[in-house]
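Student: My structure is stored as query14.pdb, with PDB, C-alpha atoms, pLDDT in the B column.
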ATOM      1  CA  MET A  20     -15.319 -21.694 -22.420  1.00 83.00           C
ATOM      2  CA  LEU A  21     -18.215 -23.927 -21.335  1.00 85.00           C
ATOM      3  CA  LEU A  22     -20.301 -22.970 -24.350  1.00 84.00           C
ATOM      4  CA  PHE A  23     -17.360 -23.557 -26.675  1.00 86.00           C
ATOM      5  CA  SER A  24     -16.687 -26.964 -25.145  1.00 82.00           C
ATOM      6  CA  THR A  25     -20.376 -27.852 -25.436  1.00 83.00           C
ATOM      7  CA  PHE A  26     -20.878 -26.818 -29.045  1.00 84.00           C
ATOM      8  CA  GLY A  27     -17.311 -27.067 -30.346  1.00 82.00           C
ATOM      9  CA  SER A  28     -17.712 -23.775 -32.173  1.00 84.00           C
ATOM     10  CA  VAL A  29     -16.750 -20.236 -31.262  1.00 87.00           C
ATOM     11  CA  ARG A  30     -19.396 -18.965 -33.669  1.00 87.00           C
ATOM     12  CA  GLN A  31     -22.212 -20.827 -31.937  1.00 89.00           C
ATOM     13  CA  ALA A  32     -20.972 -19.862 -28.482  1.00 90.00           C
ATOM     14  CA  LEU A  33     -21.008 -16.213 -29.552  1.00 90.00           C
ATOM     15  CA  LEU A  34     -24.502 -16.646 -31.005  1.00 90.00           C
ATOM     16  CA  ILE A  35     -25.739 -17.850 -27.641  1.00 90.00           C
ATOM     17  CA  LEU A  36     -23.958 -15.003 -25.874  1.00 91.00           C
ATOM     18  CA  SER A  37     -25.704 -12.582 -28.231  1.00 89.00           C
ATOM     19  CA  ASN A  38     -28.804 -13.156 -26.095  1.00 88.00           C
ATOM     20  CA  ILE A  39     -27.202 -11.129 -23.318  1.00 92.00           C
ATOM     21  CA  PRO A  40     -27.793  -7.711 -24.934  1.00 91.00           C
ATOM     22  CA  PHE A  41     -31.364  -8.783 -25.715  1.00 88.00           C
ATOM     23  CA  ALA A  42     -31.960  -9.344 -22.017  1.00 91.00           C
ATOM     24  CA  LEU A  43     -30.090  -6.250 -20.839  1.00 94.00           C
ATOM     25  CA  VAL A  44     -32.249  -3.965 -22.967  1.00 94.00           C
ATOM     26  CA  GLY A  45     -35.451  -5.125 -21.309  1.00 94.00           C
ATOM     27  CA  GLY A  46     -34.042  -4.977 -17.788  1.00 95.00           C
ATOM     28  CA  ILE A  47     -32.705  -1.453 -18.230  1.00 96.00           C
ATOM     29  CA  VAL A  48     -35.901  -0.195 -19.861  1.00 96.00           C
ATOM     30  CA  ALA A  49     -38.003  -1.772 -17.107  1.00 96.00           C
ATOM     31  CA  LEU A  50     -35.917  -0.062 -14.424  1.00 95.00           C
ATOM     32  CA  TRP A  51     -36.203   3.260 -16.248  1.00 96.00           C
ATOM     33  CA  MET A  52     -39.984   2.944 -16.766  1.00 96.00           C
ATOM     34  CA  THR A  53     -40.637   2.158 -13.106  1.00 94.00           C
ATOM     35  CA  GLY A  54     -38.270   4.818 -11.780  1.00 93.00           C
ATOM     36  CA  GLU A  55     -36.119   2.308  -9.919  1.00 92.00           C
ATOM     37  CA  TYR A  56     -32.373   2.659  -9.608  1.00 90.00           C
ATOM     38  CA  LEU A  57     -29.645   0.195 -10.443  1.00 93.00           C
ATOM     39  CA  SER A  58     -28.999  -1.327  -7.031  1.00 93.00           C
ATOM     40  CA  VAL A  59     -27.507  -4.505  -5.654  1.00 94.00           C
ATOM     41  CA  PRO A  60     -30.859  -6.375  -5.850  1.00 93.00           C
ATOM     42  CA  ALA A  61     -31.330  -5.152  -9.424  1.00 94.00           C
ATOM     43  CA  SER A  62     -27.815  -6.364 -10.239  1.00 95.00           C
ATOM     44  CA  VAL A  63     -28.671  -9.775  -8.813  1.00 95.00           C
ATOM     45  CA  GLY A  64     -31.760  -9.702 -11.034  1.00 94.00           C
ATOM     46  CA  PHE A  65     -29.542  -9.056 -14.042  1.00 96.00           C
ATOM     47  CA  ILE A  66     -27.415 -12.073 -13.156  1.00 95.00           C
ATOM     48  CA  ALA A  67     -30.486 -14.314 -12.956  1.00 93.00           C
ATOM     49  CA  LEU A  68     -31.865 -12.825 -16.154  1.00 94.00           C
ATOM     50  CA  LEU A  69     -28.676 -13.434 -18.096  1.00 94.00           C
ATOM     51  CA  GLY A  70     -28.659 -17.061 -16.999  1.00 92.00           C
ATOM     52  CA  ILE A  71     -32.191 -17.582 -18.305  1.00 92.00           C
ATOM     53  CA  ALA A  72     -31.399 -15.790 -21.574  1.00 91.00           C
ATOM     54  CA  VAL A  73     -28.342 -17.957 -22.165  1.00 92.00           C
ATOM     55  CA  LEU A  74     -30.344 -21.087 -21.313  1.00 91.00           C
ATOM     56  CA  ASN A  75     -32.949 -20.194 -23.940  1.00 91.00           C
ATOM     57  CA  GLY A  76     -30.181 -19.674 -26.476  1.00 91.00           C
ATOM     58  CA  VAL A  77     -28.682 -23.060 -25.651  1.00 91.00           C
ATOM     59  CA  VAL A  78     -32.096 -24.698 -26.112  1.00 91.00           C
ATOM     60  CA  LEU A  79     -32.515 -23.189 -29.582  1.00 92.00           C
ATOM     61  CA  VAL A  80     -28.989 -23.638 -30.893  1.00 92.00           C
ATOM     62  CA  SER A  81     -28.682 -27.222 -29.670  1.00 92.00           C
ATOM     63  CA  TYR A  82     -31.961 -28.109 -31.368  1.00 94.00           C
ATOM     64  CA  PHE A  83     -30.868 -26.354 -34.561  1.00 94.00           C
ATOM     65  CA  ASN A  84     -27.681 -28.442 -34.479  1.00 91.00           C
ATOM     66  CA  GLN A  85     -29.676 -31.616 -33.904  1.00 93.00           C
ATOM     67  CA  LEU A  86     -31.870 -30.911 -36.927  1.00 94.00           C
ATOM     68  CA  ARG A  87     -28.825 -30.020 -38.984  1.00 92.00           C
ATOM     69  CA  SER A  88     -27.159 -33.336 -38.095  1.00 91.00           C
ATOM     70  CA  GLU A  89     -30.286 -35.121 -39.345  1.00 93.00           C
ATOM     71  CA  GLY A  90     -29.595 -33.693 -42.806  1.00 91.00           C
ATOM     72  CA  MET A  91     -32.071 -30.829 -43.035  1.00 91.00           C
ATOM     73  CA  LYS A  92     -31.203 -27.779 -45.090  1.00 91.00           C
ATOM     74  CA  LEU A  93     -30.141 -24.764 -43.068  1.00 90.00           C
ATOM     75  CA  ALA A  94     -33.170 -22.619 -43.930  1.00 90.00           C
ATOM     76  CA  GLU A  95     -35.519 -25.433 -42.958  1.00 93.00           C
ATOM     77  CA  VAL A  96     -33.565 -26.070 -39.749  1.00 92.00           C
ATOM     78  CA  VAL A  97     -34.112 -22.491 -38.628  1.00 93.00           C
ATOM     79  CA  VAL A  98     -37.841 -22.454 -39.400  1.00 93.00           C
ATOM     80  CA  GLN A  99     -38.637 -25.888 -37.957  1.00 93.00           C
ATOM     81  CA  GLY A 100     -36.349 -25.439 -34.952  1.00 93.00           C
ATOM     82  CA  ALA A 101     -37.876 -22.105 -34.003  1.00 93.00           C
ATOM     83  CA  LYS A 102     -41.393 -23.516 -34.343  1.00 93.00           C
ATOM     84  CA  ARG A 103     -40.658 -26.648 -32.333  1.00 94.00           C
ATOM     85  CA  ARG A 104     -38.781 -24.869 -29.549  1.00 92.00           C
ATOM     86  CA  LEU A 105     -41.261 -22.025 -29.190  1.00 93.00           C
ATOM     87  CA  ARG A 106     -43.100 -23.739 -26.329  1.00 93.00           C
ATOM     88  CA  PRO A 107     -40.029 -24.684 -24.224  1.00 91.00           C
ATOM     89  CA  VAL A 108     -38.576 -21.175 -24.522  1.00 91.00           C
ATOM     90  CA  LEU A 109     -41.915 -19.549 -23.659  1.00 92.00           C
ATOM     91  CA  MET A 110     -42.425 -21.918 -20.729  1.00 92.00           C
ATOM     92  CA  THR A 111     -39.014 -21.143 -19.258  1.00 89.00           C
ATOM     93  CA  ALA A 112     -39.633 -17.411 -19.450  1.00 90.00           C
ATOM     94  CA  SER A 113     -43.268 -17.404 -18.361  1.00 92.00           C
ATOM     95  CA  ILE A 114     -42.765 -19.672 -15.336  1.00 93.00           C
ATOM     96  CA  THR A 115     -39.972 -17.414 -14.117  1.00 91.00           C
ATOM     97  CA  ALA A 116     -41.985 -14.249 -14.731  1.00 91.00           C
ATOM     98  CA  PHE A 117     -45.132 -15.585 -13.055  1.00 93.00           C
ATOM     99  CA  GLY A 118     -43.096 -16.738 -10.072  1.00 93.00           C
ATOM    100  CA  LEU A 119     -41.779 -13.194  -9.585  1.00 93.00           C
ATOM    101  CA  ILE A 120     -45.118 -11.384  -9.783  1.00 93.00           C
ATOM    102  CA  PRO A 121     -45.655 -11.555  -5.985  1.00 92.00           C
ATOM    103  CA  LEU A 122     -42.246  -9.902  -5.505  1.00 90.00           C
ATOM    104  CA  LEU A 123     -43.237  -7.195  -7.959  1.00 89.00           C
ATOM    105  CA  PHE A 124     -46.238  -6.167  -5.868  1.00 89.00           C
ATOM    106  CA  ALA A 125     -44.698  -6.678  -2.420  1.00 85.00           C
ATOM    107  CA  THR A 126     -45.250  -3.820   0.043  1.00 85.00           C
ATOM    108  CA  GLY A 127     -44.035  -5.158   3.370  1.00 84.00           C
ATOM    109  CA  PRO A 128     -40.605  -5.187   4.975  1.00 87.00           C
ATOM    110  CA  GLY A 129     -37.939  -6.115   2.470  1.00 81.00           C
ATOM    111  CA  SER A 130     -39.967  -5.072  -0.559  1.00 84.00           C
ATOM    112  CA  GLU A 131     -37.358  -2.463  -1.443  1.00 85.00           C
ATOM    113  CA  ILE A 132     -35.031  -5.402  -2.118  1.00 86.00           C
ATOM    114  CA  GLN A 133     -37.532  -7.661  -3.842  1.00 90.00           C
ATOM    115  CA  ARG A 134     -39.114  -5.183  -6.236  1.00 92.00           C
ATOM    116  CA  PRO A 135     -36.004  -4.126  -8.257  1.00 93.00           C
ATOM    117  CA  LEU A 136     -35.002  -7.756  -8.715  1.00 94.00           C
ATOM    118  CA  ALA A 137     -38.460  -8.678 -10.019  1.00 94.00           C
ATOM    119  CA  ILE A 138     -38.642  -5.610 -12.276  1.00 95.00           C
ATOM    120  CA  VAL A 139     -35.326  -6.409 -13.929  1.00 96.00           C
ATOM    121  CA  VAL A 140     -36.060 -10.090 -14.460  1.00 95.00           C
ATOM    122  CA  ILE A 141     -39.612  -9.651 -15.751  1.00 95.00           C
ATOM    123  CA  GLY A 142     -38.726  -6.734 -18.036  1.00 95.00           C
ATOM    124  CA  GLY A 143     -35.671  -8.493 -19.361  1.00 95.00           C
ATOM    125  CA  LEU A 144     -37.526 -11.734 -19.963  1.00 94.00           C
ATOM    126  CA  ILE A 145     -40.026  -9.979 -22.185  1.00 93.00           C
ATOM    127  CA  THR A 146     -37.390  -8.620 -24.542  1.00 93.00           C
ATOM    128  CA  ALA A 147     -35.013 -11.559 -24.270  1.00 92.00           C
ATOM    129  CA  THR A 148     -37.706 -14.092 -25.119  1.00 92.00           C
ATOM    130  CA  ALA A 149     -39.114 -12.091 -28.018  1.00 91.00           C
ATOM    131  CA  LEU A 150     -35.729 -11.292 -29.489  1.00 90.00           C
ATOM    132  CA  THR A 151     -34.413 -14.817 -28.918  1.00 90.00           C
ATOM    133  CA  LEU A 152     -37.311 -16.301 -30.844  1.00 91.00           C
ATOM    134  CA  MET A 153     -37.093 -13.757 -33.664  1.00 92.00           C
ATOM    135  CA  LEU A 154     -33.450 -12.735 -34.023  1.00 92.00           C
ATOM    136  CA  LEU A 155     -31.479 -15.785 -32.897  1.00 91.00           C
ATOM    137  CA  PRO A 156     -32.773 -17.974 -35.763  1.00 92.00           C
ATOM    138  CA  ILE A 157     -31.804 -15.238 -38.239  1.00 92.00           C
ATOM    139  CA  LEU A 158     -28.375 -14.868 -36.660  1.00 91.00           C
ATOM    140  CA  TYR A 159     -27.927 -18.655 -36.699  1.00 90.00           C
ATOM    141  CA  LEU A 160     -28.809 -18.755 -40.367  1.00 89.00           C
ATOM    142  CA  ARG A 161     -26.270 -16.063 -41.158  1.00 87.00           C
ATOM    143  CA  PHE A 162     -23.395 -16.671 -38.726  1.00 85.00           C
ATOM    144  CA  ALA A 163     -23.481 -20.244 -37.359  1.00 79.00           C
ATOM    145  CA  PHE A 164     -21.300 -21.690 -40.092  1.00 79.00           C
ATOM    146  CA  PRO A 165     -18.615 -20.358 -42.425  1.00 76.00           C
ATOM    147  CA  LYS A 166     -19.942 -19.297 -45.831  1.00 72.00           C
ATOM    148  CA  ARG A 167     -18.231 -22.182 -47.621  1.00 61.00           C
ATOM    149  CA  GLU A 168     -20.248 -24.672 -45.518  1.00 55.00           C
ATOM    150  CA  ILE A 169     -23.523 -22.830 -46.143  1.00 54.00           C
ATOM    151  CA  SER A 170     -23.091 -22.770 -49.924  1.00 50.00           C
ATOM    152  CA  HIS A 171     -22.972 -26.571 -50.082  1.00 51.00           C
ATOM    153  CA  VAL A 172     -26.219 -27.064 -48.143  1.00 52.00           C
TER     154      VAL A 172
END
Mind converting the file's structure to structure tokens?

Tutor:
Amino acid sequence: MLLFSTFGSVRQALLILSNIPFALVGGIVALWMTGEYLSVPASVGFIALLGIAVLNGVVLVSYFNQLRSEGMKLAEVVVQGAKRRLRPVLMTASITAFGLIPLLFATGPGSEIQRPLAIVVIGGLITATALTLMLLPILYLRFAFPKREISHV
């Protein structure tokens, strides 16, 4: 509801929510590769991860919309928007990942809680960021507007 009220489009809200599977894939694979189990701390990590993934989607889609309102053609909007928002999306993901590295290597009391959370978030950020920067522009190009609007641009 919040995304719909922000963008005024069910299509664009669903595009942003499409980042969620991108993030889930990385978190699940990271848990599997490290031999950790899905636990309460890992679930909390998934919640944090999904928030970051949605934020990155909002950053891209809102900038795409801004460029579109300036009169750019849709294909150019996607290319220029992805190029210009590469740094903010990478900064959001990398700052979060670097901040969790100490939790990833923790060995003291409480590390059994910290490690699964860090594994999920770092693993999910890798896939979510890569797929957001590669697939979201393609999905925006294809699904952000009805076909009748695209044909006139």

Student: In Å, rounded to a single decimal, give me how far CA of Phe65 (chain A) is from CA of Leu50 (chain A).

Tutor: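 These two atoms are separated by 11.0 Å.
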
Student: With all atoms of region 101-120 of chain A from the file as input, state the centre and edge lengths in Å to one decimal of the axis-aligned box that has 4 Å extra on each side, as JSON.

Tutor:
{"center_x": -41.5, "center_y": -19.0, "center_z": -22.0, "size_x": 15.3, "size_y": 23.3, "size_z": 32.8}

Student: With the PyMOL selection byres ((chain A and resi 97) around 9) as the selection, what would be picked from this file? Answer as a list in words, please.

Tutor: Phe83, Leu86, Lys92, Leu93, Ala94, Glu95, Val96, Val98, Gln99, Gly100, Ala101, Lys102, Pro156, Ile157, Tyr159 and Leu160 of chain A

Student: Give me the result of the PyMOL selection byres ((chain A and resi 121-128) around 12) on this file, residue by residue, as a PyMOL selection string.

Tutor: chain A and resi 49+53+60+64+115-120+129-142

Student: With all atoms listed in the file as the basis for distance, which of A:Val29, A:Ile71, A:Leu21, A:Met91 is at the shortest distance from Leu109 (chain A)?

Tutor: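 So, comparing all the options, the nearest one is A:Ile71.
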
Student: So, with all atoms listed in the file as the atoms that count, which of A:Phe164, A:Ser81, A:Leu105, A:Ala42 lies closest to Ile66 (chain A)?

Tutor: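 Of all the options, A:Ala42 lies closest to Ile66 (chain A).
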
Student: Using Å and a single decimal, report how far CA of Ser62 (chain A) sits from CA of Val78 (chain A).

Tutor: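 CA of Ser62 (chain A) lies at a distance of 24.6 Å from CA of Val78 (chain A).
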
Student: So, counting all atoms listed in the file, which residue among A:Trp51, A:Tyr56, A:Phe162, A:Phe26 is closest to Asn84 (chain A)?

Tutor: A:Phe26

Student: Would you compute the distance between CA of Ile47 (chain A) and CA of Ala147 (chain A)? Give it in Å to one decimal.

Tutor: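 Here the two named atoms are 12.0 Å from each other.
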
Student: Nearest residue to Ile35 (chain A) out of A:Met20, A:Ala149, A:Leu69, A:Val80, using all atoms listed in the file?

Tutor: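 Distance minimum relative to Ile35 (chain A) lands on A:Val80.
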
Student: Would you kindly identify which residues have an atom no farther than 12 Å from (-29.6, -15.6, -25.7), using all atoms listed in the file and the file's own coordinates, and write them out as a ChimeraX atom specification?

Tutor: /A:22,31-43,68-80,108,112,143-144,146-156,158-159

Student: Taking into account all atoms listed in the file, which residue in the set A:Tyr82, A:Arg161, A:Val59, A:Arg30 is nearest to Arg103 (chain A)?

Tutor: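 Looking only at the distances to Arg103 (chain A), the closest residue turns out to be A:Tyr82.
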
Student: Check the smallest atom-to-atom distance from each of A:Met52, A:Ala61, A:Ile145, A:Ala163 to Thr111 (chain A) using all atoms listed in the file, then report the winner.

Tutor: A:Ile145

Student: Would you please take region 65-95 of chain A of the structure in the block above and write N, CA and C atoms to a file as a PDB file, in the first residue's frame?

Tutor:
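Full text of selection09.pdb as output:
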ATOM      1  N   PHE A  65      16.770 -11.918   7.355  1.00  0.00           N
ATOM      2  CA  PHE A  65      15.954 -11.825   6.151  1.00  0.00           C
ATOM      3  C   PHE A  65      15.092 -10.566   6.159  1.00  0.00           C
ATOM      4  N   ILE A  66      14.568 -10.215   7.304  1.00  0.00           N
ATOM      5  CA  ILE A  66      13.741  -9.005   7.402  1.00  0.00           C
ATOM      6  C   ILE A  66      14.570  -7.763   7.074  1.00  0.00           C
ATOM      7  N   ALA A  67      15.769  -7.684   7.634  1.00  0.00           N
ATOM      8  CA  ALA A  67      16.651  -6.551   7.341  1.00  0.00           C
ATOM      9  C   ALA A  67      17.044  -6.537   5.868  1.00  0.00           C
ATOM     10  N   LEU A  68      17.346  -7.699   5.346  1.00  0.00           N
ATOM     11  CA  LEU A  68      17.745  -7.825   3.946  1.00  0.00           C
ATOM     12  C   LEU A  68      16.641  -7.374   3.000  1.00  0.00           C
ATOM     13  N   LEU A  69      15.425  -7.769   3.282  1.00  0.00           N
ATOM     14  CA  LEU A  69      14.315  -7.390   2.411  1.00  0.00           C
ATOM     15  C   LEU A  69      14.090  -5.880   2.427  1.00  0.00           C
ATOM     16  N   GLY A  70      14.294  -5.268   3.572  1.00  0.00           N
ATOM     17  CA  GLY A  70      14.174  -3.812   3.653  1.00  0.00           C
ATOM     18  C   GLY A  70      15.199  -3.104   2.779  1.00  0.00           C
ATOM     19  N   ILE A  71      16.422  -3.592   2.797  1.00  0.00           N
ATOM     20  CA  ILE A  71      17.483  -2.988   1.973  1.00  0.00           C
ATOM     21  C   ILE A  71      17.207  -3.219   0.492  1.00  0.00           C
ATOM     22  N   ALA A  72      16.743  -4.419   0.143  1.00  0.00           N
ATOM     23  CA  ALA A  72      16.439  -4.724  -1.255  1.00  0.00           C
ATOM     24  C   ALA A  72      15.317  -3.835  -1.784  1.00  0.00           C
ATOM     25  N   VAL A  73      14.294  -3.635  -0.984  1.00  0.00           N
ATOM     26  CA  VAL A  73      13.190  -2.770  -1.400  1.00  0.00           C
ATOM     27  C   VAL A  73      13.671  -1.325  -1.508  1.00  0.00           C
ATOM     28  N   LEU A  74      14.503  -0.891  -0.592  1.00  0.00           N
ATOM     29  CA  LEU A  74      15.056   0.469  -0.654  1.00  0.00           C
ATOM     30  C   LEU A  74      15.821   0.686  -1.954  1.00  0.00           C
ATOM     31  N   ASN A  75      16.643  -0.267  -2.347  1.00  0.00           N
ATOM     32  CA  ASN A  75      17.389  -0.140  -3.597  1.00  0.00           C
ATOM     33  C   ASN A  75      16.447  -0.084  -4.796  1.00  0.00           C
ATOM     34  N   GLY A  76      15.376  -0.843  -4.752  1.00  0.00           N
ATOM     35  CA  GLY A  76      14.385  -0.778  -5.818  1.00  0.00           C
ATOM     36  C   GLY A  76      13.700   0.575  -5.885  1.00  0.00           C
ATOM     37  N   VAL A  77      13.392   1.131  -4.736  1.00  0.00           N
ATOM     38  CA  VAL A  77      12.763   2.458  -4.686  1.00  0.00           C
ATOM     39  C   VAL A  77      13.707   3.503  -5.268  1.00  0.00           C
ATOM     40  N   VAL A  78      14.991   3.411  -4.937  1.00  0.00           N
ATOM     41  CA  VAL A  78      15.976   4.358  -5.467  1.00  0.00           C
ATOM     42  C   VAL A  78      15.989   4.314  -6.995  1.00  0.00           C
ATOM     43  N   LEU A  79      16.039   3.114  -7.567  1.00  0.00           N
ATOM     44  CA  LEU A  79      16.088   3.002  -9.022  1.00  0.00           C
ATOM     45  C   LEU A  79      14.792   3.445  -9.691  1.00  0.00           C
ATOM     46  N   VAL A  80      13.681   2.933  -9.236  1.00  0.00           N
ATOM     47  CA  VAL A  80      12.410   3.232  -9.899  1.00  0.00           C
ATOM     48  C   VAL A  80      12.060   4.719  -9.775  1.00  0.00           C
ATOM     49  N   SER A  81      12.313   5.314  -8.636  1.00  0.00           N
ATOM     50  CA  SER A  81      12.000   6.741  -8.500  1.00  0.00           C
ATOM     51  C   SER A  81      12.880   7.582  -9.427  1.00  0.00           C
ATOM     52  N   TYR A  82      14.132   7.172  -9.603  1.00  0.00           N
ATOM     53  CA  TYR A  82      14.986   7.924 -10.525  1.00  0.00           C
ATOM     54  C   TYR A  82      14.562   7.693 -11.974  1.00  0.00           C
ATOM     55  N   PHE A  83      14.175   6.464 -12.305  1.00  0.00           N
ATOM     56  CA  PHE A  83      13.650   6.201 -13.641  1.00  0.00           C
ATOM     57  C   PHE A  83      12.440   7.098 -13.918  1.00  0.00           C
ATOM     58  N   ASN A  84      11.545   7.204 -12.945  1.00  0.00           N
ATOM     59  CA  ASN A  84      10.357   8.043 -13.107  1.00  0.00           C
ATOM     60  C   ASN A  84      10.725   9.515 -13.265  1.00  0.00           C
ATOM     61  N   GLN A  85      11.739   9.948 -12.528  1.00  0.00           N
ATOM     62  CA  GLN A  85      12.181  11.336 -12.633  1.00  0.00           C
ATOM     63  C   GLN A  85      12.710  11.615 -14.042  1.00  0.00           C
ATOM     64  N   LEU A  86      13.527  10.716 -14.562  1.00  0.00           N
ATOM     65  CA  LEU A  86      14.047  10.897 -15.914  1.00  0.00           C
ATOM     66  C   LEU A  86      12.931  10.838 -16.950  1.00  0.00           C
ATOM     67  N   ARG A  87      11.985   9.975 -16.716  1.00  0.00           N
ATOM     68  CA  ARG A  87      10.851   9.852 -17.643  1.00  0.00           C
ATOM     69  C   ARG A  87      10.030  11.144 -17.661  1.00  0.00           C
ATOM     70  N   SER A  88       9.845  11.757 -16.489  1.00  0.00           N
ATOM     71  CA  SER A  88       9.075  13.004 -16.431  1.00  0.00           C
ATOM     72  C   SER A  88       9.805  14.164 -17.103  1.00  0.00           C
ATOM     73  N   GLU A  89      11.127  14.027 -17.260  1.00  0.00           N
ATOM     74  CA  GLU A  89      11.902  15.057 -17.956  1.00  0.00           C
ATOM     75  C   GLU A  89      11.829  14.903 -19.469  1.00  0.00           C
ATOM     76  N   GLY A  90      11.133  13.850 -19.942  1.00  0.00           N
ATOM     77  CA  GLY A  90      10.909  13.698 -21.371  1.00  0.00           C
ATOM     78  C   GLY A  90      11.827  12.727 -22.083  1.00  0.00           C
ATOM     79  N   MET A  91      12.650  12.004 -21.358  1.00  0.00           N
ATOM     80  CA  MET A  91      13.534  11.034 -22.003  1.00  0.00           C
ATOM     81  C   MET A  91      12.736   9.846 -22.527  1.00  0.00           C
ATOM     82  N   LYS A  92      13.259   9.222 -23.561  1.00  0.00           N
ATOM     83  CA  LYS A  92      12.644   7.999 -24.070  1.00  0.00           C
ATOM     84  C   LYS A  92      12.894   6.875 -23.072  1.00  0.00           C
ATOM     85  N   LEU A  93      12.001   5.907 -23.074  1.00  0.00           N
ATOM     86  CA  LEU A  93      12.040   4.848 -22.068  1.00  0.00           C
ATOM     87  C   LEU A  93      13.340   4.058 -22.100  1.00  0.00           C
ATOM     88  N   ALA A  94      13.834   3.723 -23.265  1.00  0.00           N
ATOM     89  CA  ALA A  94      15.088   2.962 -23.361  1.00  0.00           C
ATOM     90  C   ALA A  94      16.264   3.762 -22.797  1.00  0.00           C
ATOM     91  N   GLU A  95      16.271   5.048 -23.062  1.00  0.00           N
ATOM     92  CA  GLU A  95      17.335   5.908 -22.549  1.00  0.00           C
ATOM     93  C   GLU A  95      17.207   6.097 -21.035  1.00  0.00           C
TER      94      GLU A  95
END
